[in-house]
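Working notes, structure below.
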Amino acid sequence: MAIQLTSPDGFGLLEITKVQHEGEFTLVNMQGIVERYGFVKLTHEYEHVSEEMHGGTISGIGEAVLDHGDVVSSPLMGTFSRKGSKMKGFYTDFVTYGDMKFVTTEVDLITKKAELSFWSLQ
């Protein structure tokens, strides 16, 4: 399967609602509207793998209230890189009704904004 990363299947703009630092971990909560999903809330836990804090792993959960009112959720896991206040994440998710996606996020901790793009894997 080839994924054309220049043409995502969906896009979203999210607002960061909480940032919490605990040692090697950074917890980020964000929410906003995502195409094909409606209102989405994400919780990302970033674990830095080096003292320089240039990157590491992401784990978390996403929840969505779909446009027609149903609620779905998904665990997520992947990796991220960090440069200054900006973090780029790359992960997969598996939505409770069987949808599977490759997702990228660009998080800016200063502006408290995030962009999300996704590609269907099925």
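Residue numbering restarts at 1 in every chain; chains get A, B, ... in the order shown in the structure tokens, and ligands count up from 1 in that same order.
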Shell around range 45-49 of chain A at 12 Å using only C-alpha atoms, local window under 3 positions removed, as a count of residues only: 39
Distance criterion (only C-alpha atoms): nearest to Gly98 in chain A out of A:Ala114, A:Ile16, A:Val40, A:Val72: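 Between A:Ala114, A:Ile16, A:Val40, A:Val72, the residue approaching Gly98 in chain A most closely is A:Val72.
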Strand (DSSP E or B) call set, DSSP backbone run, chain A, as a PyMOL selection string: chain A and resi 10-22+25-34+38-48+55-65+71-83+86-94+100-108+113-120
Proximity to Leu5 in chain A - best of A:Asp70, A:Val103, A:Ile110, A:Tyr97, only C-alpha atoms: A:Val103
Contacts of Pro8 in chain A within 7 Å, only C-alpha atoms, excl. fewer than 3 positions in-chain, as a list in words: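 Answer for this query is Leu5, Ser117, Phe118 and Trp119 of chain A.
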Within 8 Å of Leu14 in chain A using only C-alpha atoms, minus same-chain residues under 3 positions, as a list in words: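 Selected residues are Met30, Gln31, Gly32, Ile33, Lys113, Ala114, Glu115 and Leu116 of chain A.
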Nearby residues (only C-alpha atoms) at most 6 Å from Phe94 in chain A, same-chain spacing under 4 positions excluded, as an mmCIF file with all heavy atoms, in the first residue's frame:
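Everything below was put into part_1.cif:
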```cif
data_model
loop_
_atom_site.group_PDB
_atom_site.id
_atom_site.type_symbol
_atom_site.label_atom_id
_atom_site.label_comp_id
_atom_site.auth_asym_id
_atom_site.auth_seq_id
_atom_site.Cartn_x
_atom_site.Cartn_y
_atom_site.Cartn_z
ATOM 1 N N SER A 74 -10.254 6.280 19.873
ATOM 2 C CA SER A 74 -9.149 5.543 19.290
ATOM 3 C C SER A 74 -7.905 5.683 20.149
ATOM 4 O O SER A 74 -7.562 6.789 20.567
ATOM 5 C CB SER A 74 -8.835 6.076 17.892
ATOM 6 O OG SER A 74 -7.673 5.440 17.384
ATOM 7 N N ASP A 99 -12.188 1.979 11.540
ATOM 8 C CA ASP A 99 -11.393 2.841 10.679
ATOM 9 C C ASP A 99 -9.949 2.889 11.183
ATOM 10 O O ASP A 99 -9.713 2.980 12.391
ATOM 11 C CB ASP A 99 -11.976 4.258 10.700
ATOM 12 C CG ASP A 99 -12.050 4.898 9.339
ATOM 13 O OD1 ASP A 99 -11.688 4.248 8.356
ATOM 14 O OD2 ASP A 99 -12.486 6.069 9.273
ATOM 15 N N MET A 100 -8.984 2.836 10.287
ATOM 16 C CA MET A 100 -7.575 2.922 10.666
ATOM 17 C C MET A 100 -6.929 4.035 9.859
ATOM 18 O O MET A 100 -7.136 4.130 8.653
ATOM 19 C CB MET A 100 -6.880 1.592 10.404
ATOM 20 C CG MET A 100 -5.510 1.495 10.979
ATOM 21 S SD MET A 100 -4.941 -0.217 10.796
ATOM 22 C CE MET A 100 -3.550 -0.163 11.871
#
```
Test item: residues at most 10 Å from Tyr37 in chain A, only C-alpha atoms, excluding those fewer than 4 positions along its chain, as number ranges by chain: A: 10-12, 33, 63-68, 70-72
Only N, CA, C and O atoms, please: the residues just picked out, written as a short mmCIF file (atom, residue, chain, number, x, y, z; two decimals), in the first residue's frame.
```cif
data_model
loop_
_atom_site.label_atom_id
_atom_site.label_comp_id
_atom_site.auth_asym_id
_atom_site.auth_seq_id
_atom_site.Cartn_x
_atom_site.Cartn_y
_atom_site.Cartn_z
N GLY A 10 -8.09 14.06 5.19
CA GLY A 10 -8.78 14.98 6.08
C GLY A 10 -7.79 15.87 6.82
O GLY A 10 -6.61 15.57 6.90
N PHE A 11 -8.31 16.99 7.34
CA PHE A 11 -7.49 18.01 7.97
C PHE A 11 -8.26 18.59 9.15
O PHE A 11 -9.48 18.65 9.14
N GLY A 12 -7.54 19.04 10.16
CA GLY A 12 -8.18 19.69 11.30
C GLY A 12 -7.30 20.73 11.93
O GLY A 12 -6.07 20.65 11.85
N ILE A 33 -12.17 21.00 15.44
CA ILE A 33 -12.96 20.36 14.39
C ILE A 33 -12.02 19.69 13.39
O ILE A 33 -11.06 20.31 12.92
N GLU A 63 -10.88 11.13 20.95
CA GLU A 63 -12.32 10.94 21.03
C GLU A 63 -12.97 11.93 20.09
O GLU A 63 -12.53 13.07 19.99
N ALA A 64 -14.04 11.49 19.42
CA ALA A 64 -14.73 12.36 18.48
C ALA A 64 -16.23 12.25 18.67
O ALA A 64 -16.77 11.16 18.88
N VAL A 65 -16.89 13.41 18.59
CA VAL A 65 -18.34 13.45 18.49
C VAL A 65 -18.62 13.71 17.02
O VAL A 65 -18.36 14.81 16.51
N LEU A 66 -19.08 12.66 16.33
CA LEU A 66 -19.31 12.75 14.89
C LEU A 66 -20.42 13.73 14.58
O LEU A 66 -21.25 14.06 15.44
N ASP A 67 -20.45 14.20 13.34
CA ASP A 67 -21.44 15.19 12.93
C ASP A 67 -22.88 14.75 13.21
O ASP A 67 -23.74 15.57 13.50
N HIS A 68 -23.17 13.45 13.15
CA HIS A 68 -24.53 12.96 13.39
C HIS A 68 -24.76 12.57 14.86
O HIS A 68 -25.81 12.06 15.20
N ASP A 70 -22.93 10.40 17.04
CA ASP A 70 -22.26 9.24 17.63
C ASP A 70 -20.91 9.64 18.20
O ASP A 70 -20.28 10.60 17.73
N VAL A 71 -20.44 8.88 19.19
CA VAL A 71 -19.14 9.11 19.81
C VAL A 71 -18.24 7.92 19.50
O VAL A 71 -18.66 6.77 19.66
N VAL A 72 -17.02 8.19 19.04
CA VAL A 72 -16.03 7.15 18.77
C VAL A 72 -14.73 7.53 19.47
O VAL A 72 -14.52 8.69 19.81
#
```
